[in-house]
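Q: Below are the structure tokens for one structure; questions will follow.
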4 protein chains.
Amino acid sequence: MLDAALDVFAEKGIDGASVKDVAAAAGVTPGLLYHYFAGKEALVTALLRERGFARRLRELLEQDRGRSATEVLPRVMREFDGLLAANAKLLRLFFAAGHSHENVRSVLAEFVAEGQAAMADYLRSRVAEGELRDHDAHTTATALFASLAVGRSAGIPVDVAELVGLVLHGLVRPDGDTPPETEREITGA
Amino acid sequence: MLDAALDVFAEKGIDGASVKDVAAAAGVTPGLLYHYFAGKEALVTALLRERGFARRLRELLEQDRGRSATEVLPRVMREFDGLLAANAKLLRLFFAAGHSHENVRSVLAEFVAEGQAAMADYLRSRVAEGELRDHDAHTTATALFASLAVGRSAGIPVDVAELVGLVLHGLVRPDGDTPPETEREITGA
Amino acid sequence: MLDAALDVFAEKGIDGASVKDVAAAAGVTPGLLYHYFAGKEALVTALLRERGFARRLRELLEQDRGRSATEVLPRVMREFDGLLAANAKLLRLFFAAGHSHENVRSVLAEFVAEGQAAMADYLRSRVAEGELRDHDAHTTATALFASLAVGRSAGIPVDVAELVGLVLHGLVRPDGDTPPETEREITGA
Amino acid sequence: MLDAALDVFAEKGIDGASVKDVAAAAGVTPGLLYHYFAGKEALVTALLRERGFARRLRELLEQDRGRSATEVLPRVMREFDGLLAANAKLLRLFFAAGHSHENVRSVLAEFVAEGQAAMADYLRSRVAEGELRDHDAHTTATALFASLAVGRSAGIPVDVAELVGLVLHGLVRPDGDTPPETEREITGA
DNA sequence: CATGAATGAGACTTCATTCAT
DNA sequence: GATGAATGAAGTCTCATTCAT
């Protein structure tokens, strides 16, 4: 039922899709939806909560806490991009949900903040380790996620490797002793 | 009348606001709106066309075609951020419009593409001038705009100077001897 | 439109009649009802306010302020009974409205109180004049109105003259030799 | 289960309360209600039959058949008022039920008639005994019950002693000098 | 230009009732 | 006895749009 809702909402938008549409897509009657969800809004928030991927993002970043950004960022962003690609519908839903009722908005804000914080935490840990220069981690986190999300949502092709490269070479301390990229050290040797 | 429409649509969303709402906010009757606009959708697209700021962005970038990115980017992004701040309502409208009728969508896509292209063109001109390393200008343009737009739209503070610094220091060739990208250096050797 | 509403609500009850029913009876579409009334409840309260007869009752009683109860009461109650008979539909509506939304209830209470007060005021003025014995005017007002209203509403026949006689002279035979009713005495003589 | 139904119906009205509401208040599932009652309407009529107090009223009056009205009426009306107070919910239900389905209506009418008849029978027995003057007993019965019921239902305070006094002795001052009724004085001259 | 009455379609939601378990 | 998933019909209300004035 949530699957059907995701499909329909993603395709038509939350306001654009009727409860009847969702019910039809799920192969049930509208009445049954109200047996399980208090209303349309509750359906949307349930959808967001059940299918959101902020948690997965935090897991990714936390298990890599000790590893270098040059190694972690490409991998995580690729995985994040994969999540976005796999959940393209959900992503569109996220962007469309901006003007829905207050509840939907707060659930969304919560998720965005969670993802932001996970990335910012990780980045700051790399600053503490001396790998990255001191910077505003929030701005960087936003740049990373927003670029990918907007790109995928708007159909603008964004190259993950390019994006990570862009961000990394701005952040890595330029002075000699700590090499910015592992591969370069090796190949440069 | 467009001003009122902007206010109302930004606050309630396009689907969430009725033509009557817009008319009331403009101090006219719904009937009169139909005297000037073919319908609700026409009102939205007119609004986007009249109030959009893609043109202003292109102007900004074209008059600076010859100047260095280190000088131009901070200035342009600051100005772009100012536009976003001044047109917060319009921005929310942009994000909300994603799932509206086809016409609205295409007008939107057009504007985004126009802004993208303006920035990408400029960036490529700086690559040609030798200031910036060769890169995927579209990805960079997306990163720049998306970060600011998402930040402002979602209420996440994004520091413009930080963002520009982030992007610039990844792109500017350090100064010859240490090449920015290992692979290219090697293949170039 | 209010006429149609009165008919329909009186026949089916407020909850039992749909807005569609009312609209159909008025020969318009449901949508138009919402052009004039904020909702079903507003329709009911408007109906009560426009068609209520508490005002007429007060007028009746005020113009008779100086006259004796034995003269006024029969006349007023007869007229009140006439109002009830003429507005039988409205009366049923009054009784049925008890469980509707709060607004309806308060409009109703207001009317009942107004009628009550008008009668109680009059009765007290007759006490002051020495015609009537001192008593709880509210209880009497309630007895007069409630009897008639319940009788008409429930289809129980209530004789107005009997009711007024009852209230004015009571049931207990004065004390045997003097017969309770003057006329009968005379005719019996 | 009937208790819960009484609570819920009295509070929300018969149409205003759903079967689910009743079931929830009774701590059972809607399905179970249908195990015991054929439907919502059957539930209401069962409620009226099980909890109605017309029978109690008849008992009261029959055991007092031989006693004087001046003694019986105050007592019975006080007890009836007590029943109303104790069954305030039921009373509201009675008034609200007026526009329900036909079955409910007929059960109601039956009860009212039963109470009416009991009182009228008693009054007539007192007329036969010579205590009360000849009169329309139905009108008196209606006046007695309706006043109390409407008063309690509408929140208008009705003094039982006053009401009984009113009915028994009337309003007109009995003492000689100020004549109670113009006609009587004149005709009595 | 301007009004606002009028409509028809459709939205969200509720609910009495049934029935497989 | 008891559950609760499931449904179909209906209800209230909104709204883009039209049109006579």
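By order of appearance in the structure tokens: chains A, B, ..., then residues from 1 within every chain, and ligands from 1 in the order shown.
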Select from chain C every residue with an atom at most 6 Å from any atom of chain D, then for each give the shortest pair of atoms and their distance in Å to one decimal, using only C-alpha atoms, rows by chain and rising number, as a Markdown table.
A:
```
| residue | atom | partner | partner_atom | distance |
| --- | --- | --- | --- | --- |
| C:Gly13 | CA | D:His99 | CA | 5.2 |
| C:Ala96 | CA | D:Ala96 | CA | 5.5 |
| C:His99 | CA | D:Gly13 | CA | 5.3 |
| C:Leu132 | CA | D:Val172 | CA | 4.8 |
| C:Arg133 | CA | D:Arg173 | CA | 5.0 |
| C:Thr139 | CA | D:Val158 | CA | 5.1 |
| C:Thr142 | CA | D:Ser147 | CA | 5.8 |
| C:Ala143 | CA | D:Ser147 | CA | 4.7 |
| C:Ala146 | CA | D:Ser147 | CA | 5.3 |
| C:Ser147 | CA | D:Ala143 | CA | 4.7 |
| C:Val158 | CA | D:Thr139 | CA | 5.1 |
| C:Val167 | CA | D:Gly170 | CA | 4.8 |
| C:Leu168 | CA | D:Gly170 | CA | 4.5 |
| C:His169 | CA | D:Gly170 | CA | 3.9 |
| C:Gly170 | CA | D:Gly170 | CA | 3.7 |
| C:Leu171 | CA | D:Leu168 | CA | 4.6 |
| C:Val172 | CA | D:Leu132 | CA | 4.8 |
| C:Arg173 | CA | D:Arg133 | CA | 5.3 |
| C:Thr182 | CA | D:Arg184 | CA | 5.8 |
```
Q: Would you write out, as CSV, a table of all residues in chain C that have an atom no more than 10 Å from an atom of chain F, listing for each the closest atom pair and the distance in Å to one decimal, considering only C-alpha atoms (C1' of nucleotides) and ordering rows by chain and rising residue number?
A:
```
residue,atom,partner,partner_atom,distance
C:Ala17,CA,F:DG11,C1',9.9
C:Ser18,CA,F:DG11,C1',6.9
C:Val19,CA,F:DT12,C1',7.6
C:Lys20,CA,F:DG11,C1',8.8
C:Pro30,CA,F:DC13,C1',9.3
C:Gly31,CA,F:DC13,C1',8.4
C:Tyr34,CA,F:DC13,C1',8.1
C:Ala38,CA,F:DC13,C1',9.6
C:Gly39,CA,F:DC13,C1',7.9
C:Lys40,CA,F:DT12,C1',8.1
```
Q: Take the residues just selected and output them with all heavy atoms as a PDB file, in the first residue's frame.
A:
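So the final result, stored in part07.pdb, reads:
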```
ATOM      1  N   ALA C  17     -30.894  15.119   6.640  1.00  0.00           N
ATOM      2  CA  ALA C  17     -30.960  15.733   5.318  1.00  0.00           C
ATOM      3  C   ALA C  17     -29.576  16.141   4.854  1.00  0.00           C
ATOM      4  O   ALA C  17     -28.802  16.710   5.615  1.00  0.00           O
ATOM      5  CB  ALA C  17     -31.876  16.947   5.358  1.00  0.00           C
ATOM      6  N   SER C  18     -29.267  15.840   3.621  1.00  0.00           N
ATOM      7  CA  SER C  18     -27.958  16.207   3.099  1.00  0.00           C
ATOM      8  C   SER C  18     -28.044  17.569   2.417  1.00  0.00           C
ATOM      9  O   SER C  18     -29.117  18.035   2.031  1.00  0.00           O
ATOM     10  CB  SER C  18     -27.487  15.168   2.095  1.00  0.00           C
ATOM     11  OG  SER C  18     -28.228  15.269   0.914  1.00  0.00           O
ATOM     12  N   VAL C  19     -26.913  18.198   2.287  1.00  0.00           N
ATOM     13  CA  VAL C  19     -26.848  19.473   1.599  1.00  0.00           C
ATOM     14  C   VAL C  19     -27.376  19.313   0.175  1.00  0.00           C
ATOM     15  O   VAL C  19     -28.022  20.208  -0.362  1.00  0.00           O
ATOM     16  CB  VAL C  19     -25.393  19.986   1.580  1.00  0.00           C
ATOM     17  CG1 VAL C  19     -25.265  21.213   0.695  1.00  0.00           C
ATOM     18  CG2 VAL C  19     -24.940  20.314   2.989  1.00  0.00           C
ATOM     19  N   LYS C  20     -27.104  18.163  -0.370  1.00  0.00           N
ATOM     20  CA  LYS C  20     -27.592  17.873  -1.708  1.00  0.00           C
ATOM     21  C   LYS C  20     -29.124  17.883  -1.731  1.00  0.00           C
ATOM     22  O   LYS C  20     -29.736  18.401  -2.664  1.00  0.00           O
ATOM     23  CB  LYS C  20     -27.089  16.479  -2.112  1.00  0.00           C
ATOM     24  CG  LYS C  20     -26.811  16.293  -3.581  1.00  0.00           C
ATOM     25  CD  LYS C  20     -26.080  14.974  -3.736  1.00  0.00           C
ATOM     26  CE  LYS C  20     -26.089  14.436  -5.139  1.00  0.00           C
ATOM     27  NZ  LYS C  20     -25.498  13.063  -5.142  1.00  0.00           N
ATOM     28  N   PRO C  30     -25.510  22.043  -5.151  1.00  0.00           N
ATOM     29  CA  PRO C  30     -24.922  22.157  -3.808  1.00  0.00           C
ATOM     30  C   PRO C  30     -23.865  23.255  -3.747  1.00  0.00           C
ATOM     31  O   PRO C  30     -23.768  23.972  -2.766  1.00  0.00           O
ATOM     32  CB  PRO C  30     -24.294  20.783  -3.587  1.00  0.00           C
ATOM     33  CG  PRO C  30     -25.078  19.865  -4.447  1.00  0.00           C
ATOM     34  CD  PRO C  30     -25.466  20.659  -5.653  1.00  0.00           C
ATOM     35  N   GLY C  31     -23.111  23.368  -4.812  1.00  0.00           N
ATOM     36  CA  GLY C  31     -22.057  24.371  -4.830  1.00  0.00           C
ATOM     37  C   GLY C  31     -22.581  25.765  -4.542  1.00  0.00           C
ATOM     38  O   GLY C  31     -21.926  26.556  -3.858  1.00  0.00           O
ATOM     39  N   TYR C  34     -22.968  26.828  -1.035  1.00  0.00           N
ATOM     40  CA  TYR C  34     -21.726  27.228  -0.392  1.00  0.00           C
ATOM     41  C   TYR C  34     -21.260  28.601  -0.852  1.00  0.00           C
ATOM     42  O   TYR C  34     -20.322  29.153  -0.315  1.00  0.00           O
ATOM     43  CB  TYR C  34     -20.644  26.175  -0.635  1.00  0.00           C
ATOM     44  CG  TYR C  34     -20.875  24.949   0.183  1.00  0.00           C
ATOM     45  CD1 TYR C  34     -21.678  23.919  -0.279  1.00  0.00           C
ATOM     46  CD2 TYR C  34     -20.334  24.844   1.455  1.00  0.00           C
ATOM     47  CE1 TYR C  34     -21.922  22.796   0.493  1.00  0.00           C
ATOM     48  CE2 TYR C  34     -20.567  23.720   2.232  1.00  0.00           C
ATOM     49  CZ  TYR C  34     -21.357  22.708   1.737  1.00  0.00           C
ATOM     50  OH  TYR C  34     -21.600  21.603   2.519  1.00  0.00           O
ATOM     51  N   ALA C  38     -21.636  29.482   4.601  1.00  0.00           N
ATOM     52  CA  ALA C  38     -20.301  28.924   4.831  1.00  0.00           C
ATOM     53  C   ALA C  38     -20.328  27.403   4.909  1.00  0.00           C
ATOM     54  O   ALA C  38     -19.324  26.751   4.654  1.00  0.00           O
ATOM     55  CB  ALA C  38     -19.702  29.509   6.104  1.00  0.00           C
ATOM     56  N   GLY C  39     -21.460  26.847   5.258  1.00  0.00           N
ATOM     57  CA  GLY C  39     -21.522  25.397   5.401  1.00  0.00           C
ATOM     58  C   GLY C  39     -22.911  25.014   5.856  1.00  0.00           C
ATOM     59  O   GLY C  39     -23.815  25.845   5.950  1.00  0.00           O
ATOM     60  N   LYS C  40     -23.078  23.748   6.116  1.00  0.00           N
ATOM     61  CA  LYS C  40     -24.398  23.278   6.506  1.00  0.00           C
ATOM     62  C   LYS C  40     -24.844  23.943   7.802  1.00  0.00           C
ATOM     63  O   LYS C  40     -25.982  24.363   7.946  1.00  0.00           O
ATOM     64  CB  LYS C  40     -24.331  21.762   6.692  1.00  0.00           C
ATOM     65  CG  LYS C  40     -25.689  21.116   6.804  1.00  0.00           C
ATOM     66  CD  LYS C  40     -25.522  19.632   7.111  1.00  0.00           C
ATOM     67  CE  LYS C  40     -26.859  18.920   7.049  1.00  0.00           C
ATOM     68  NZ  LYS C  40     -26.728  17.487   7.384  1.00  0.00           N
TER      69      LYS C  40
END
```
Q: Over all Cα atoms paired in order, how far apart are chain C and chain D after a least-squares superposition, as an RMSD in Å?
A: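 Across the paired C-alpha atoms, the RMSD reaches 5.3 Å.
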Q: Using only C-alpha atoms (C1' of nucleotides), which chain E residues lie at most 10 Å away from chain B, written as a PDB file with C-alpha atoms (C1' of nucleotides), in the first residue's frame?
A:
```pdb
ATOM      1  C1'  DC E   1     -13.336  46.313 -17.634  1.00  0.00           C
ATOM      2  C1'  DA E   2     -15.486  44.194 -13.936  1.00  0.00           C
ATOM      3  C1'  DT E   3     -18.683  41.471 -11.157  1.00  0.00           C
ATOM      4  C1'  DG E   4     -20.259  37.527  -8.757  1.00  0.00           C
TER       5       DG E   4
END
```
Q: Can you tell me, as a PyMOL selection string, which residues in region 35-83 of chain C count as alpha helix (DSSP H) by DSSP?
A: chain C and resi 35-36+40-51+54-62+69-83
Q: Between CA of Asp81 (chain D) and CA of Phe53 (chain D), what is the distance in Å, rounded to a tenth?
A: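 We find that CA of Asp81 (chain D) and CA of Phe53 (chain D) lie 11.6 Å from each other.
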Q: Measure the distance from CA of Ala46 (chain A) to CA of Leu2 (chain A) in Å and round it to one decimal.
A: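 Separation between CA of Ala46 (chain A) and CA of Leu2 (chain A): 8.1 Å.
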Q: Please, what distance in Å, to one decimal, runs between CA of Ala5 (chain B) and CA of Arg58 (chain B)?
A: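 Those two atoms sit 25.5 Å apart.
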